[in-house]
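Novice: Got a file for you: structure_16.cif, mmCIF, C-alpha atoms.
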data_start
loop_
_atom_site.group_PDB
_atom_site.id
_atom_site.type_symbol
_atom_site.label_atom_id
_atom_site.label_comp_id
_atom_site.auth_asym_id
_atom_site.auth_seq_id
_atom_site.Cartn_x
_atom_site.Cartn_y
_atom_site.Cartn_z
ATOM 1 C CA MET A 1 -2.784 -30.499 4.318
ATOM 2 C CA GLY A 2 -5.476 -28.285 2.921
ATOM 3 C CA SER A 3 -7.941 -31.084 2.263
ATOM 4 C CA GLU A 4 -8.133 -31.886 5.985
ATOM 5 C CA LEU A 5 -9.165 -28.351 6.811
ATOM 6 C CA PRO A 6 -12.682 -27.000 6.426
ATOM 7 C CA PRO A 7 -13.131 -24.804 3.336
ATOM 8 C CA PHE A 8 -11.843 -21.245 3.686
ATOM 9 C CA ASP A 9 -14.543 -19.012 5.128
ATOM 10 C CA PRO A 10 -13.657 -15.302 4.814
ATOM 11 C CA GLU A 11 -15.964 -14.242 7.626
ATOM 12 C CA ALA A 12 -14.670 -16.815 10.101
ATOM 13 C CA ALA A 13 -11.041 -16.311 9.021
ATOM 14 C CA SER A 14 -11.204 -12.545 9.322
ATOM 15 C CA SER A 15 -11.552 -12.605 13.094
ATOM 16 C CA MET A 16 -8.103 -14.236 13.201
ATOM 17 C CA MET A 17 -6.464 -12.687 10.152
ATOM 18 C CA LEU A 18 -7.485 -9.123 10.744
ATOM 19 C CA ALA A 19 -6.800 -9.080 14.477
ATOM 20 C CA HIS A 20 -3.014 -8.817 14.418
ATOM 21 C CA GLY A 21 -0.141 -6.987 12.822
ATOM 22 C CA HIS A 22 -0.617 -4.391 10.109
ATOM 23 C CA ALA A 23 -4.241 -5.352 9.334
ATOM 24 C CA GLY A 24 -5.106 -5.192 13.046
ATOM 25 C CA TRP A 25 -3.420 -1.830 13.444
ATOM 26 C CA LEU A 26 -5.362 -0.464 10.454
ATOM 27 C CA GLY A 27 -8.579 -1.789 11.999
ATOM 28 C CA LEU A 28 -9.635 -3.695 8.859
ATOM 29 C CA SER A 29 -12.903 -5.578 9.280
ATOM 30 C CA TYR A 30 -14.944 -8.100 7.321
ATOM 31 C CA ARG A 31 -17.934 -6.717 5.431
ATOM 32 C CA ALA A 32 -19.222 -9.295 2.945
ATOM 33 C CA HIS A 33 -18.197 -12.000 0.504
ATOM 34 C CA GLY A 34 -19.497 -13.960 -2.473
ATOM 35 C CA GLU A 35 -18.256 -16.963 -4.403
ATOM 36 C CA ASP A 36 -15.101 -15.301 -5.716
ATOM 37 C CA TRP A 37 -15.007 -11.924 -3.955
ATOM 38 C CA VAL A 38 -14.416 -10.431 -0.519
ATOM 39 C CA GLU A 39 -15.168 -7.003 0.903
ATOM 40 C CA LEU A 40 -13.339 -5.441 3.835
ATOM 41 C CA ASP A 41 -13.757 -2.078 5.553
ATOM 42 C CA LEU A 42 -11.062 0.402 6.505
ATOM 43 C CA PRO A 43 -12.205 2.913 9.143
ATOM 44 C CA TRP A 44 -11.143 6.560 8.722
ATOM 45 C CA ARG A 45 -8.588 7.655 11.299
ATOM 46 C CA ASP A 46 -6.596 10.863 11.562
ATOM 47 C CA ASP A 47 -3.300 8.996 11.951
ATOM 48 C CA LEU A 48 -3.830 7.457 8.490
ATOM 49 C CA VAL A 49 -4.044 10.826 6.792
ATOM 50 C CA GLY A 50 -1.642 11.654 3.988
ATOM 51 C CA GLU A 51 -2.745 15.203 3.440
ATOM 52 C CA PRO A 52 -3.493 17.010 6.715
ATOM 53 C CA GLU A 53 -5.105 20.146 5.242
ATOM 54 C CA HIS A 54 -7.916 18.177 3.678
ATOM 55 C CA GLY A 55 -7.995 15.121 5.942
ATOM 56 C CA ILE A 56 -7.452 12.840 2.983
ATOM 57 C CA LEU A 57 -6.403 9.264 3.693
ATOM 58 C CA ALA A 58 -2.939 8.357 2.450
ATOM 59 C CA SER A 59 -2.896 5.907 -0.423
ATOM 60 C CA GLY A 60 -0.906 3.354 1.617
ATOM 61 C CA PRO A 61 -3.823 2.264 3.840
ATOM 62 C CA ILE A 62 -5.966 1.815 0.716
ATOM 63 C CA VAL A 63 -3.251 -0.339 -0.891
ATOM 64 C CA SER A 64 -3.156 -2.389 2.335
ATOM 65 C CA LEU A 65 -6.950 -2.711 2.298
ATOM 66 C CA MET A 66 -6.966 -3.894 -1.332
ATOM 67 C CA ASP A 67 -4.028 -6.261 -0.758
ATOM 68 C CA MET A 68 -5.741 -7.857 2.235
ATOM 69 C CA ALA A 69 -9.166 -8.090 0.534
ATOM 70 C CA SER A 70 -7.419 -9.602 -2.508
ATOM 71 C CA GLY A 71 -5.536 -12.225 -0.508
ATOM 72 C CA MET A 72 -8.789 -13.278 1.131
ATOM 73 C CA ALA A 73 -10.578 -13.277 -2.237
ATOM 74 C CA VAL A 74 -7.896 -15.645 -3.571
ATOM 75 C CA TRP A 75 -8.271 -18.067 -0.638
ATOM 76 C CA ASN A 76 -12.017 -17.774 -0.932
ATOM 77 C CA ALA A 77 -11.893 -18.654 -4.640
ATOM 78 C CA MET A 78 -9.392 -21.467 -4.006
ATOM 79 C CA GLY A 79 -11.595 -22.760 -1.204
ATOM 80 C CA GLU A 80 -8.612 -23.213 1.073
ATOM 81 C CA PHE A 81 -5.850 -21.359 2.817
ATOM 82 C CA ARG A 82 -2.542 -21.698 0.989
ATOM 83 C CA ALA A 83 0.702 -19.776 1.201
ATOM 84 C CA ILE A 84 0.463 -16.966 -1.352
ATOM 85 C CA ALA A 85 2.455 -13.832 -2.054
ATOM 86 C CA THR A 86 1.500 -10.617 -3.812
ATOM 87 C CA LEU A 87 3.490 -10.315 -7.042
ATOM 88 C CA ASP A 88 2.210 -6.930 -8.050
ATOM 89 C CA LEU A 89 -0.627 -4.611 -7.249
ATOM 90 C CA ARG A 90 -1.795 -1.544 -9.118
ATOM 91 C CA VAL A 91 -4.119 1.062 -7.627
ATOM 92 C CA ASP A 92 -5.478 4.040 -9.561
ATOM 93 C CA TYR A 93 -7.138 6.851 -7.659
ATOM 94 C CA MET A 94 -10.170 8.432 -9.252
ATOM 95 C CA ARG A 95 -10.798 10.833 -6.404
ATOM 96 C CA PRO A 96 -9.820 11.265 -2.746
ATOM 97 C CA ALA A 97 -11.921 9.441 -0.139
ATOM 98 C CA SER A 98 -14.148 11.777 1.877
ATOM 99 C CA LYS A 99 -12.846 12.929 5.242
ATOM 100 C CA GLY A 100 -14.248 10.814 8.048
ATOM 101 C CA ALA A 101 -15.711 8.136 5.773
ATOM 102 C CA ALA A 102 -14.804 4.462 6.059
ATOM 103 C CA VAL A 103 -13.465 2.973 2.829
ATOM 104 C CA THR A 104 -14.720 -0.369 1.546
ATOM 105 C CA GLY A 105 -12.383 -2.533 -0.539
ATOM 106 C CA HIS A 106 -13.997 -5.024 -2.936
ATOM 107 C CA SER A 107 -11.743 -7.596 -4.557
ATOM 108 C CA GLN A 108 -12.653 -10.387 -6.940
ATOM 109 C CA CYS A 109 -10.379 -13.293 -7.805
ATOM 110 C CA TYR A 110 -11.362 -13.761 -11.446
ATOM 111 C CA LYS A 111 -8.833 -16.398 -12.521
ATOM 112 C CA ILE A 112 -6.693 -19.027 -10.889
ATOM 113 C CA THR A 113 -4.037 -20.954 -12.773
ATOM 114 C CA LYS A 114 -1.594 -23.544 -11.464
ATOM 115 C CA SER A 115 0.714 -20.941 -9.997
ATOM 116 C CA ALA A 116 -0.974 -17.542 -10.255
ATOM 117 C CA ALA A 117 -4.189 -15.922 -9.069
ATOM 118 C CA PHE A 118 -5.528 -12.772 -10.722
ATOM 119 C CA VAL A 119 -7.550 -10.173 -8.854
ATOM 120 C CA ARG A 120 -9.395 -6.994 -9.690
ATOM 121 C CA GLY A 121 -11.421 -4.676 -7.559
ATOM 122 C CA PHE A 122 -12.265 -1.212 -6.403
ATOM 123 C CA ALA A 123 -12.570 0.910 -3.286
ATOM 124 C CA HIS A 124 -15.470 3.199 -2.432
ATOM 125 C CA ASP A 125 -16.537 5.330 0.511
ATOM 126 C CA GLY A 126 -20.269 4.666 0.536
ATOM 127 C CA ASP A 127 -21.417 4.466 -3.064
ATOM 128 C CA PRO A 128 -20.013 1.559 -5.119
ATOM 129 C CA ASP A 129 -21.020 3.430 -8.283
ATOM 130 C CA ASP A 130 -18.731 6.312 -7.356
ATOM 131 C CA PRO A 131 -15.477 4.508 -6.480
ATOM 132 C CA VAL A 132 -12.396 6.231 -5.095
ATOM 133 C CA ALA A 133 -9.954 3.735 -6.578
ATOM 134 C CA ASN A 134 -9.574 0.875 -9.030
ATOM 135 C CA MET A 135 -7.253 -2.076 -8.441
ATOM 136 C CA ALA A 136 -5.637 -4.944 -10.345
ATOM 137 C CA GLY A 137 -3.122 -7.452 -9.060
ATOM 138 C CA VAL A 138 -1.493 -10.870 -9.332
ATOM 139 C CA PHE A 139 -0.737 -13.316 -6.538
ATOM 140 C CA MET A 140 1.422 -16.396 -6.646
ATOM 141 C CA SER A 141 1.324 -19.645 -4.698
ATOM 142 C CA ILE A 142 4.489 -20.123 -2.727
ATOM 143 C CA PRO A 143 5.697 -23.568 -1.723
ATOM 144 C CA TRP A 144 6.027 -24.083 1.991
ATOM 145 C CA ARG A 145 9.679 -24.062 2.912
ATOM 146 C CA PRO A 146 10.829 -25.541 6.191
ATOM 147 C CA ARG A 147 13.706 -23.513 7.592
ATOM 148 C CA MET B 1 22.847 23.146 -2.184
ATOM 149 C CA SER B 2 19.874 20.853 -1.853
ATOM 150 C CA THR B 3 16.842 21.256 0.339
ATOM 151 C CA GLU B 4 16.387 19.067 3.383
ATOM 152 C CA LEU B 5 13.101 17.398 4.104
ATOM 153 C CA LEU B 6 12.032 18.141 7.670
ATOM 154 C CA PRO B 7 10.629 15.277 9.751
ATOM 155 C CA ASP B 8 7.409 17.215 10.413
ATOM 156 C CA GLU B 9 6.823 17.388 6.679
ATOM 157 C CA LEU B 10 6.098 13.676 6.654
ATOM 158 C CA PRO B 11 2.342 13.015 6.909
ATOM 159 C CA ALA B 12 0.670 11.540 10.001
ATOM 160 C CA TYR B 13 0.397 8.181 8.238
ATOM 161 C CA ALA B 14 4.163 8.041 7.718
ATOM 162 C CA ARG B 15 4.869 8.939 11.338
ATOM 163 C CA SER B 16 2.371 6.279 12.495
ATOM 164 C CA LEU B 17 4.402 3.651 10.652
ATOM 165 C CA GLY B 18 7.619 4.946 12.254
ATOM 166 C CA ILE B 19 8.906 6.265 8.926
ATOM 167 C CA ALA B 20 11.722 8.799 9.251
ATOM 168 C CA VAL B 21 14.135 10.630 6.991
ATOM 169 C CA GLU B 22 17.280 8.522 7.341
ATOM 170 C CA ARG B 23 19.563 10.742 5.282
ATOM 171 C CA MET B 24 19.788 12.786 2.123
ATOM 172 C CA GLU B 25 21.531 11.105 -0.776
ATOM 173 C CA ASP B 26 22.246 13.014 -3.980
ATOM 174 C CA GLY B 27 19.776 15.586 -2.723
ATOM 175 C CA VAL B 28 16.979 13.023 -2.409
ATOM 176 C CA PRO B 29 15.681 11.771 0.947
ATOM 177 C CA VAL B 30 16.215 8.141 1.915
ATOM 178 C CA LEU B 31 13.385 7.068 4.240
ATOM 179 C CA SER B 32 13.597 4.312 6.826
ATOM 180 C CA MET B 33 10.917 2.233 8.518
ATOM 181 C CA PRO B 34 11.560 0.046 11.569
ATOM 182 C CA PHE B 35 9.970 -3.373 11.898
ATOM 183 C CA SER B 36 7.193 -3.569 14.488
ATOM 184 C CA GLY B 37 3.825 -5.213 15.071
ATOM 185 C CA THR B 38 2.256 -2.248 13.257
ATOM 186 C CA VAL B 39 3.825 -3.240 9.936
ATOM 187 C CA GLU B 40 3.840 -7.016 10.341
ATOM 188 C CA GLY B 41 1.975 -9.296 7.922
ATOM 189 C CA ARG B 42 2.711 -12.996 8.213
ATOM 190 C CA PRO B 43 4.677 -13.554 11.421
ATOM 191 C CA THR B 44 8.147 -11.928 11.197
ATOM 192 C CA VAL B 45 7.476 -10.698 7.636
ATOM 193 C CA LEU B 46 6.722 -7.129 6.594
ATOM 194 C CA HIS B 47 3.144 -6.624 5.343
ATOM 195 C CA GLY B 48 2.962 -5.717 1.654
ATOM 196 C CA GLY B 49 0.667 -2.826 2.489
ATOM 197 C CA ALA B 50 3.227 -1.346 4.875
ATOM 198 C CA THR B 51 5.949 -1.808 2.241
ATOM 199 C CA SER B 52 3.693 0.075 -0.173
ATOM 200 C CA GLY B 53 3.235 2.795 2.437
ATOM 201 C CA LEU B 54 6.999 3.255 2.718
ATOM 202 C CA LEU B 55 7.419 3.289 -1.093
ATOM 203 C CA GLU B 56 4.620 5.808 -1.491
ATOM 204 C CA ASN B 57 6.094 8.118 1.156
ATOM 205 C CA ALA B 58 9.548 7.936 -0.429
ATOM 206 C CA GLY B 59 8.004 8.878 -3.780
ATOM 207 C CA PHE B 60 6.167 11.855 -2.314
ATOM 208 C CA ALA B 61 9.264 12.920 -0.340
ATOM 209 C CA ALA B 62 11.432 12.905 -3.478
ATOM 210 C CA LEU B 63 8.878 15.040 -5.294
ATOM 211 C CA ARG B 64 8.396 17.495 -2.399
ATOM 212 C CA VAL B 65 12.135 18.125 -2.212
ATOM 213 C CA ALA B 66 12.418 18.513 -6.001
ATOM 214 C CA LEU B 67 9.590 21.072 -5.994
ATOM 215 C CA LYS B 68 11.143 22.961 -3.069
ATOM 216 C CA ASN B 69 14.434 23.131 -4.940
ATOM 217 C CA ILE B 70 12.743 25.000 -7.769
ATOM 218 C CA ASP B 71 10.589 27.014 -5.374
ATOM 219 C CA ARG B 72 7.379 25.577 -6.691
ATOM 220 C CA ASP B 73 4.308 25.053 -4.550
ATOM 221 C CA ALA B 74 1.755 22.397 -5.448
ATOM 222 C CA ARG B 75 -0.820 20.177 -3.870
ATOM 223 C CA LEU B 76 0.173 16.568 -4.531
ATOM 224 C CA LYS B 77 -2.457 14.005 -5.391
ATOM 225 C CA PRO B 78 -1.726 10.389 -6.194
ATOM 226 C CA ILE B 79 -3.092 9.209 -9.540
ATOM 227 C CA GLY B 80 -1.690 5.721 -9.550
ATOM 228 C CA ILE B 81 0.790 3.411 -7.911
ATOM 229 C CA THR B 82 1.973 0.006 -9.116
ATOM 230 C CA VAL B 83 3.960 -2.013 -6.624
ATOM 231 C CA GLN B 84 6.089 -5.038 -7.488
ATOM 232 C CA PHE B 85 6.926 -7.294 -4.578
ATOM 233 C CA LEU B 86 10.277 -8.921 -5.202
ATOM 234 C CA SER B 87 11.044 -10.807 -2.013
ATOM 235 C CA ALA B 88 9.684 -11.182 1.497
ATOM 236 C CA ALA B 89 10.950 -8.342 3.671
ATOM 237 C CA LYS B 90 12.163 -9.565 7.057
ATOM 238 C CA SER B 91 11.870 -8.202 10.567
ATOM 239 C CA LYS B 92 14.431 -5.420 10.289
ATOM 240 C CA PHE B 93 14.724 -1.855 9.011
ATOM 241 C CA THR B 94 13.567 -1.170 5.457
ATOM 242 C CA PHE B 95 14.781 1.803 3.425
ATOM 243 C CA ALA B 96 13.362 3.501 0.342
ATOM 244 C CA GLN B 97 14.291 6.254 -2.073
ATOM 245 C CA GLY B 98 12.420 7.722 -5.014
ATOM 246 C CA ARG B 99 13.787 8.856 -8.357
ATOM 247 C CA ILE B 100 11.880 11.295 -10.486
ATOM 248 C CA THR B 101 11.789 10.069 -14.055
ATOM 249 C CA ARG B 102 9.842 13.023 -15.332
ATOM 250 C CA LEU B 103 8.776 16.256 -13.696
ATOM 251 C CA GLY B 104 6.109 17.762 -15.869
ATOM 252 C CA ARG B 105 3.878 20.761 -15.424
ATOM 253 C CA ARG B 106 0.843 18.791 -14.266
ATOM 254 C CA ASN B 107 2.179 15.417 -13.223
ATOM 255 C CA ALA B 108 5.343 13.690 -12.110
ATOM 256 C CA ASN B 109 6.444 10.110 -12.828
ATOM 257 C CA ILE B 110 8.476 8.547 -10.068
ATOM 258 C CA GLU B 111 10.256 5.239 -9.573
ATOM 259 C CA VAL B 112 10.789 4.062 -6.036
ATOM 260 C CA SER B 113 12.896 1.269 -4.650
ATOM 261 C CA ALA B 114 12.827 -0.316 -1.173
ATOM 262 C CA TRP B 115 15.599 -2.482 0.244
ATOM 263 C CA GLN B 116 16.880 -3.943 3.504
ATOM 264 C CA ASP B 117 20.509 -5.161 3.606
ATOM 265 C CA ASP B 118 21.551 -4.674 0.035
ATOM 266 C CA ARG B 119 20.384 -1.813 -2.072
ATOM 267 C CA GLU B 120 21.134 -3.781 -5.221
ATOM 268 C CA ARG B 121 18.603 -6.392 -4.149
ATOM 269 C CA PRO B 122 15.396 -4.444 -3.571
ATOM 270 C CA VAL B 123 12.518 -6.110 -1.706
ATOM 271 C CA ALA B 124 9.956 -4.053 -3.638
ATOM 272 C CA THR B 125 9.754 -1.359 -6.295
ATOM 273 C CA ALA B 126 6.987 0.988 -7.350
ATOM 274 C CA VAL B 127 6.121 3.335 -10.149
ATOM 275 C CA MET B 128 3.986 6.306 -9.172
ATOM 276 C CA ASN B 129 2.130 8.951 -11.068
ATOM 277 C CA ILE B 130 1.423 12.057 -8.993
ATOM 278 C CA LEU B 131 -0.727 14.979 -10.008
ATOM 279 C CA MET B 132 0.531 18.408 -9.011
ATOM 280 C CA ALA B 133 -2.423 20.730 -8.552
ATOM 281 C CA ARG B 134 -1.805 24.361 -7.789
ATOM 282 C CA ASP B 135 -3.023 24.942 -4.275
ATOM 283 C CA GLY B 136 -6.734 25.550 -4.106
ATOM 284 C CA THR B 137 -7.457 24.207 -7.566
ATOM 285 C CA GLY B 138 -8.470 20.755 -8.775
#
Would you kindly transcribe this structure into C-alpha cells?
Specialist:
Amino acid sequence: MGSELPPFDPEAASSMMLAHGHAGWLGLSYRAHGEDWVELDLPWRDDLVGEPEHGILASGPIVSLMDMASGMAVWNAMGEFRAIATLDLRVDYMRPASKGAAVTGHSQCYKITKSAAFVRGFAHDGDPDDPVANMAGVFMSIPWRPR
Amino acid sequence: MSTELLPDELPAYARSLGIAVERMEDGVPVLSMPFSGTVEGRPTVLHGGATSGLLENAGFAALRVALKNIDRDARLKPIGITVQFLSAAKSKFTFAQGRITRLGRRNANIEVSAWQDDRERPVATAVMNILMARDGTG
C-alpha cells in the first residue's frame, strides 16, 4: 500500500513516468516542483505543429503537458502515488506559443477532498508573466480493480 | 454535395498521432486514431492528452469543412477547449466527430465526441471555441 512506499517525489518519478508512451513521445521533462505544484517542459518540435504556416504548436500537446503536470501535482500534494483519472480539463489560449520555444506547464493542486483533486495552472514559453494558456481541471481517485 | 477533407489538410501533429479521415458522415469528417505506444498513457490505456488531440482535430476538421462549403477562408485559432473524460479508452481504434453548434462571424462553438465500440457511449467529449481570423489579421 501507499504507506509502505516513500513519499511521491516528482523529480524522481518523472524519469520513469515521462520516459514511456505519450509523455515519452512528446519529450516531456521535469523542470521544478514545490509543495503543491509541479512544472514540466514540452520541447518545440515540427511534428507537433497544428498550424504549419506559422509553426504554431497544436493545442493537443499543451493539453497533454497540462494533464501530465496536473497528475503529478496531485500525487505531489497527496504525498503518494494513487490511481487517479482526469475528470475534466479546461485550457484557454491567450496567445499562440512562439515558434521554436519550449513550453512550460505549471500546475498546482489547490484542494484535495476524499474523492476529488482540483488543479489550476498555466503554460508559458519563457515568461511566466506572459502566459500562453490558462488551465483548470478536476481529477478523481479511482479504486484499484483487479481484473 | 459536401466537401471532402483531404488527408494532407490534417496538421503534422494529427499525422504524428496516426489520425486519419475515416469517412464523411452527414458531410462532417469522422476521424480515427489507432492505438500505439505514441498515444499510450497507463499501460494499455489511451493517454488523456492523446484523446484530447483527437477531439481537437475532429473539431477543427468539422469547422474547416463547414467553411469550405460556404467558400470562406479563415485562419483558425483555438480560444478554449474543455474536455470531459468519461471512461478509460482501451488499446484499440478511437473515433471522433465534431458538431458545430454555432458558426458566427468571428468564432465558432463546436461540440466533439470520441468513442470506440459504441458511439452512444463516448469515451470523451469536448466543447471548443475557435476564433476565425481573416488570413493575415489578428
Novice: Restricting the calculation to only C-alpha atoms: of A:Pro43, A:Gly71, A:Gly50, A:Pro10, which residue gets closest to A:Trp25?
Specialist: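 Under the stated criterion, the closest residue is A:Pro43.
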Novice: Using all atoms listed in the file for the distances, tell me which of B:Ala126, B:Leu67, B:Ile79, B:Ala58 is nearest to A:Leu89.
Specialist: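 Nearest candidate to A:Leu89 out of B:Ala126, B:Leu67, B:Ile79, B:Ala58: B:Ala126.
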Novice: Pull out every residue of chain A sitting within 7 Å of chain B, counting all atoms listed in the file, and send them as a list in words.
Specialist: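 Residues satisfying the distance criterion: Gly21, His22, Trp25, Asp47, Leu48, Val49, Gly50, Glu51, Ala58, Gly60, Pro61, Val63, Ser64, Asp67, Thr86, Leu87, Asp88, Leu89, Arg90, Val91, Asp92 and Tyr93 of chain A.
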Novice: Give me the residues within 7 Å of B:Trp115 as a PyMOL selection string, counting all atoms listed in the file and dropping any in the same chain fewer than 3 places off.
Specialist: chain B and resi 94-96+118-119+121-123
Novice: Check which residues satisfy the PyMOL selection byres ((chain B and resi 66) around 12) in the file shown, then give them as a ChimeraX atom specification.
Specialist: /B:2-5,26-29,59-65,67-74,98-104,108,110
Novice: Please enumerate the residues selected by the PyMOL selection byres ((chain A and resi 109) around 6) when evaluated against the supplied file, formatted as a VMD selection string.
Specialist: chain A and resid 36 73 to 74 108 110 to 111 118 to 119
Novice: Do a neighbour search on A:His106 at 6 Å with all atoms listed in the file, toss out local chain neighbours closer than 5 positions, and write the hits as a PyMOL selection string.
Specialist: chain A and resi 38-39+121-122
Novice: How would the residues just chosen look if you wrote them out with C-alpha atoms as an mmCIF file, keeping the file's coordinate frame?
Specialist:
data_model
loop_
_atom_site.group_PDB
_atom_site.id
_atom_site.type_symbol
_atom_site.label_atom_id
_atom_site.label_comp_id
_atom_site.auth_asym_id
_atom_site.auth_seq_id
_atom_site.Cartn_x
_atom_site.Cartn_y
_atom_site.Cartn_z
ATOM 1 C CA VAL A 38 -14.416 -10.431 -0.519
ATOM 2 C CA GLU A 39 -15.168 -7.003 0.903
ATOM 3 C CA GLY A 121 -11.421 -4.676 -7.559
ATOM 4 C CA PHE A 122 -12.265 -1.212 -6.403
#
Novice: Between atom CA of A:Ser70 and atom CA of A:His20, what is the distance, to one decimal in Å?
Specialist: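 Distance reported for this atom pair: 17.5 Å.
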Novice: Counting all atoms listed in the file, find residues at most 10 Å from (-1.3, -21.0, -9.2) (file frame) and give them as a tab-separated table (two decimals) with C-alpha atoms, in the coordinates of the input.
Specialist:
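Output saved as point_4.tsv:
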chain	number	residue	atom	x	y	z
A	78	MET	CA	-9.39	-21.47	-4.01
A	84	ILE	CA	0.46	-16.97	-1.35
A	111	LYS	CA	-8.83	-16.40	-12.52
A	112	ILE	CA	-6.69	-19.03	-10.89
A	113	THR	CA	-4.04	-20.95	-12.77
A	114	LYS	CA	-1.59	-23.54	-11.46
A	115	SER	CA	0.71	-20.94	-10.00
A	116	ALA	CA	-0.97	-17.54	-10.26
A	117	ALA	CA	-4.19	-15.92	-9.07
A	118	PHE	CA	-5.53	-12.77	-10.72
A	139	PHE	CA	-0.74	-13.32	-6.54
A	140	MET	CA	1.42	-16.40	-6.65
A	141	SER	CA	1.32	-19.64	-4.70
A	142	ILE	CA	4.49	-20.12	-2.73
Novice: Expressed in Å to a single decimal, how great is the separation between atom CA of B:Ile130 and atom CA of A:Val138?
Specialist: 23.1 Å
Novice: To one decimal in Å, tell me the separation between atom CA of A:Gly105 and atom CA of A:Trp37.
Specialist: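 That distance, rounded to one decimal, is 10.3 Å.
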Novice: Quick one: residues within 12 Å of stretch 98-102 of chain A, only C-alpha atoms counted, chain neighbours fewer than 2 positions away excluded, as number ranges by chain?
Specialist: A: 26-29, 31, 40-58, 61-62, 65, 95-96, 104-105, 123-127, 130-132
Novice: Please write the residues from the selection above to a file, keeping C-alpha atoms, as a short mmCIF file (atom, residue, chain, number, x, y, z; two decimals), keeping the file's coordinate frame.
Specialist:
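Once written, result-v6.cif looks like this:
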data_model
loop_
_atom_site.label_atom_id
_atom_site.label_comp_id
_atom_site.auth_asym_id
_atom_site.auth_seq_id
_atom_site.Cartn_x
_atom_site.Cartn_y
_atom_site.Cartn_z
CA LEU A 26 -5.36 -0.46 10.45
CA GLY A 27 -8.58 -1.79 12.00
CA LEU A 28 -9.64 -3.70 8.86
CA SER A 29 -12.90 -5.58 9.28
CA ARG A 31 -17.93 -6.72 5.43
CA LEU A 40 -13.34 -5.44 3.84
CA ASP A 41 -13.76 -2.08 5.55
CA LEU A 42 -11.06 0.40 6.50
CA PRO A 43 -12.20 2.91 9.14
CA TRP A 44 -11.14 6.56 8.72
CA ARG A 45 -8.59 7.66 11.30
CA ASP A 46 -6.60 10.86 11.56
CA ASP A 47 -3.30 9.00 11.95
CA LEU A 48 -3.83 7.46 8.49
CA VAL A 49 -4.04 10.83 6.79
CA GLY A 50 -1.64 11.65 3.99
CA GLU A 51 -2.74 15.20 3.44
CA PRO A 52 -3.49 17.01 6.72
CA GLU A 53 -5.11 20.15 5.24
CA HIS A 54 -7.92 18.18 3.68
CA GLY A 55 -8.00 15.12 5.94
CA ILE A 56 -7.45 12.84 2.98
CA LEU A 57 -6.40 9.26 3.69
CA ALA A 58 -2.94 8.36 2.45
CA PRO A 61 -3.82 2.26 3.84
CA ILE A 62 -5.97 1.82 0.72
CA LEU A 65 -6.95 -2.71 2.30
CA ARG A 95 -10.80 10.83 -6.40
CA PRO A 96 -9.82 11.26 -2.75
CA THR A 104 -14.72 -0.37 1.55
CA GLY A 105 -12.38 -2.53 -0.54
CA ALA A 123 -12.57 0.91 -3.29
CA HIS A 124 -15.47 3.20 -2.43
CA ASP A 125 -16.54 5.33 0.51
CA GLY A 126 -20.27 4.67 0.54
CA ASP A 127 -21.42 4.47 -3.06
CA ASP A 130 -18.73 6.31 -7.36
CA PRO A 131 -15.48 4.51 -6.48
CA VAL A 132 -12.40 6.23 -5.10
#
